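> My structure is below; once you've seen it, I'll send some questions.
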Amino acid sequence: MTKPREPSGFKLVLDGVSQRFGETQALAETHLSVAAGEFVSVVGPSGCGKSTLFNVVAGVLTPSTGRVFIDGRDVTGRAGEVGYMLQKDLLLPWRTVVDNIVLGAILKGGASRAERAEGVALARRYGLGDFINHYPAALSGGMRQRVALMRTLAMHRDVMLLDEPFGALDSQTRLSMQQWLLGIWAEQKRTVVFVTHDIDEAILLADRVVVMSPRPGRIREIIPVPLARPRPMSILTDPVFSALKARILGLIYDTASLAGETVHAA
């Protein structure tokens, strides 16, 4: 089993993390190191432990074994250390766009004038300046996901966990949101770990793709994406892109060799 380098050299490190629920082993011992500013996609079959892994990193779950480090600090079981965005936007329908963006501050006792001004600035900067006083019911699905991502940005966490944030969108809107997210990531320099079932999306967005096996979830392989940035939509038909997709699909659906699979990590 390959172990990561020292946690102090990376933004995020999972050191031997595993998770058991009663008699069920949901996540096998996992080692993963993510560099500052890196974009990592996580793919795998349903039930492979992707969401469990996210909940451990987010501090929602305390792992059965192992530790989680951010900037060399042990944050195992500590909530609030990362920004966490789910597939459902979870916007409060009785709150305006700007209120939903600064919801974290509101829940902590109230958003200050400066925090509200920052929320307005985020909305204007990322295409929703004309909607700051609108309510979620007036927004399209893509616009709602933009608000949810801005709310995650407003938490000021260097590490962002995005759990299938575009899964419920139609294909055209999804492609637009992928490009929008890449623009924000390039500008904000956040460290992003992104779960998706869409292999094209995983490759298009990421510096590396983490491929997981069925339960108990384990990392089968971590695949670098040697495609130059920025990445236009035309890259989806690039031969290198196609080869990466074929390799990842083979890893996910090659169930014959899963027993006793060794964890591969960087």
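The way I read the labels, and the way they are meant: chains A, B, ... in the order of the structure tokens, residue 1 as the first residue of every chain, and ligand 1 as the first ligand shown, with later ones counted on from there.
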Find the nearest atom pair between each residue of segment 159-202 of chain A and segment 225-229 of chain A for residues within 12 Å, count only C-alpha atoms, give distances in Å to one decimal, sort rows by chain and ascending number, and present the table as a tab-separated table.

```
residue	atom	partner	partner_atom	distance
A:Gln179	CA	A:Arg229	CA	11.5
A:Leu182	CA	A:Arg229	CA	9.6
A:Gly183	CA	A:Arg229	CA	10.6
A:Trp185	CA	A:Arg229	CA	11.9
A:Ala186	CA	A:Arg229	CA	9.6
A:Asp200	CA	A:Val225	CA	11.8
A:Ala202	CA	A:Val225	CA	9.7
```
> Counting only C-alpha atoms, what is within 8 Å of Leu204 of chain A, bar same-chain residues fewer than 3 positions away, as number ranges by chain?
A: 200-201, 231, 235-236
> Could you give me, as an MDAnalysis selection string, each residue of segment 29-231 of chain A that DSSP assigns to helix (DSSP H, G or I) when run on this structure's backbone?
chainID A and resid 50:57 97:101 103:107 113:125 129:131 136:138 141:153 171:188 199:205
> For Pro214 of chain A, which residue out of A:Val40, A:His134, A:Pro45, A:Gly16 is the nearest one, using only C-alpha atoms?
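Closest to Pro214 of chain A of all the choices is A:Pro45.
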> Identify all residues of segment 4-114 of chain A in strand (DSSP E) (DSSP on the backbone) and supply them as a ChimeraX atom specification.
/A:12-21,24-34,39-43,65-70,73-74,83-85
> Please produce an output containing N, CA and C atoms for each residue in the selection, written as a CSV table (one decimal), in the first residue's frame.

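Full text of result-v9.csv as output:
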```
chain,number,residue,atom,x,y,z
A,12,LEU,N,-4.1,19.2,1.4
A,12,LEU,CA,-5.0,18.2,2.0
A,12,LEU,C,-4.3,16.8,2.0
A,13,VAL,N,-4.4,16.1,3.1
A,13,VAL,CA,-3.8,14.8,3.2
A,13,VAL,C,-4.8,13.9,3.9
A,14,LEU,N,-5.1,12.7,3.3
A,14,LEU,CA,-5.8,11.7,4.0
A,14,LEU,C,-4.8,10.6,4.3
A,15,ASP,N,-4.6,10.3,5.6
A,15,ASP,CA,-3.6,9.4,6.1
A,15,ASP,C,-4.3,8.1,6.7
A,16,GLY,N,-4.4,7.1,5.8
A,16,GLY,CA,-5.0,5.8,6.3
A,16,GLY,C,-6.4,5.9,6.7
A,17,VAL,N,-7.2,6.8,6.1
A,17,VAL,CA,-8.6,7.0,6.5
A,17,VAL,C,-9.5,5.8,6.1
A,18,SER,N,-10.3,5.3,7.0
A,18,SER,CA,-11.3,4.2,6.6
A,18,SER,C,-12.6,4.5,7.4
A,19,GLN,N,-13.7,3.9,7.0
A,19,GLN,CA,-14.9,4.2,7.6
A,19,GLN,C,-15.8,2.9,7.6
A,20,ARG,N,-16.2,2.5,8.8
A,20,ARG,CA,-17.1,1.3,9.0
A,20,ARG,C,-18.4,1.8,9.7
A,21,PHE,N,-19.5,1.2,9.2
A,21,PHE,CA,-20.8,1.5,9.8
A,21,PHE,C,-21.3,0.1,10.2
A,24,THR,N,-20.6,-3.1,8.2
A,24,THR,CA,-20.3,-2.7,6.8
A,24,THR,C,-19.1,-1.8,6.7
A,25,GLN,N,-18.1,-2.3,5.9
A,25,GLN,CA,-16.9,-1.5,5.6
A,25,GLN,C,-17.2,-0.6,4.4
A,26,ALA,N,-17.5,0.7,4.6
A,26,ALA,CA,-17.9,1.6,3.5
A,26,ALA,C,-16.7,2.1,2.8
A,27,LEU,N,-15.6,2.3,3.5
A,27,LEU,CA,-14.4,2.9,2.9
A,27,LEU,C,-13.2,2.2,3.4
A,28,ALA,N,-12.4,1.5,2.6
A,28,ALA,CA,-11.2,0.9,3.0
A,28,ALA,C,-10.1,1.9,3.3
A,29,GLU,N,-9.0,1.4,3.9
A,29,GLU,CA,-7.9,2.4,4.2
A,29,GLU,C,-7.4,3.1,3.0
A,30,THR,N,-7.5,4.4,3.1
A,30,THR,CA,-7.2,5.3,2.0
A,30,THR,C,-6.2,6.4,2.3
A,31,HIS,N,-5.2,6.5,1.4
A,31,HIS,CA,-4.2,7.5,1.4
A,31,HIS,C,-4.3,8.4,0.2
A,32,LEU,N,-4.3,9.7,0.4
A,32,LEU,CA,-4.4,10.7,-0.7
A,32,LEU,C,-3.8,12.0,-0.3
A,33,SER,N,-3.0,12.6,-1.2
A,33,SER,CA,-2.4,13.9,-1.0
A,33,SER,C,-2.8,14.8,-2.1
A,34,VAL,N,-3.3,16.0,-1.8
A,34,VAL,CA,-3.7,17.0,-2.8
A,34,VAL,C,-2.9,18.3,-2.6
A,39,PHE,N,-6.9,20.7,-8.7
A,39,PHE,CA,-8.3,20.3,-8.9
A,39,PHE,C,-8.3,18.8,-9.2
A,40,VAL,N,-8.9,18.1,-8.2
A,40,VAL,CA,-8.9,16.6,-8.3
A,40,VAL,C,-10.4,16.2,-8.4
A,41,SER,N,-10.6,15.3,-9.4
A,41,SER,CA,-11.9,14.7,-9.6
A,41,SER,C,-11.9,13.3,-9.0
A,42,VAL,N,-13.1,12.9,-8.5
A,42,VAL,CA,-13.2,11.5,-7.9
A,42,VAL,C,-14.4,10.9,-8.6
A,43,VAL,N,-14.1,9.7,-9.2
A,43,VAL,CA,-15.1,8.9,-9.9
A,43,VAL,C,-15.1,7.5,-9.4
A,65,THR,N,-10.6,4.8,11.2
A,65,THR,CA,-9.1,4.8,11.4
A,65,THR,C,-8.6,6.0,10.6
A,66,GLY,N,-7.4,6.4,10.8
A,66,GLY,CA,-6.7,7.4,10.0
A,66,GLY,C,-7.0,8.8,10.5
A,67,ARG,N,-6.3,9.7,9.8
A,67,ARG,CA,-6.4,11.2,10.1
A,67,ARG,C,-6.5,12.0,8.8
A,68,VAL,N,-7.1,13.2,9.0
A,68,VAL,CA,-7.2,14.2,7.9
A,68,VAL,C,-6.4,15.4,8.3
A,69,PHE,N,-5.6,15.9,7.3
A,69,PHE,CA,-4.7,17.0,7.6
A,69,PHE,C,-5.0,18.1,6.6
A,70,ILE,N,-5.1,19.4,7.0
A,70,ILE,CA,-5.1,20.5,6.1
A,70,ILE,C,-4.0,21.4,6.5
A,73,ARG,N,-2.2,20.5,9.6
A,73,ARG,CA,-2.9,20.5,10.9
A,73,ARG,C,-3.9,19.3,10.9
A,74,ASP,N,-4.0,18.6,12.0
A,74,ASP,CA,-4.9,17.5,12.1
A,74,ASP,C,-6.3,18.1,12.3
A,83,GLY,N,-15.0,24.1,2.6
A,83,GLY,CA,-16.2,24.5,2.0
A,83,GLY,C,-16.8,23.2,1.4
A,84,TYR,N,-18.1,23.0,1.5
A,84,TYR,CA,-18.8,21.8,1.1
A,84,TYR,C,-20.0,22.1,0.4
A,85,MET,N,-20.1,21.7,-0.9
A,85,MET,CA,-21.3,22.0,-1.8
A,85,MET,C,-21.8,20.7,-2.3
```
> If you measure from atom CA of Cys48 of chain A to atom CA of Arg215 of chain A, what distance in Å do you get, rounded to one decimal?
4.8 Å
> For Leu86 of chain A, which residue out of A:Val98, A:Leu161, A:Ala117, A:Ala123 is the nearest one, using only C-alpha atoms?
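Closest to Leu86 of chain A of all the choices is A:Leu161.
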> Which residue gives the smallest distance to Ile248 of chain A among A:Ser112, A:Ser213, A:Gln188, A:Gln145, with only C-alpha atoms counted?
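Between A:Ser112, A:Ser213, A:Gln188, A:Gln145, the residue approaching Ile248 of chain A most closely is A:Ser213.
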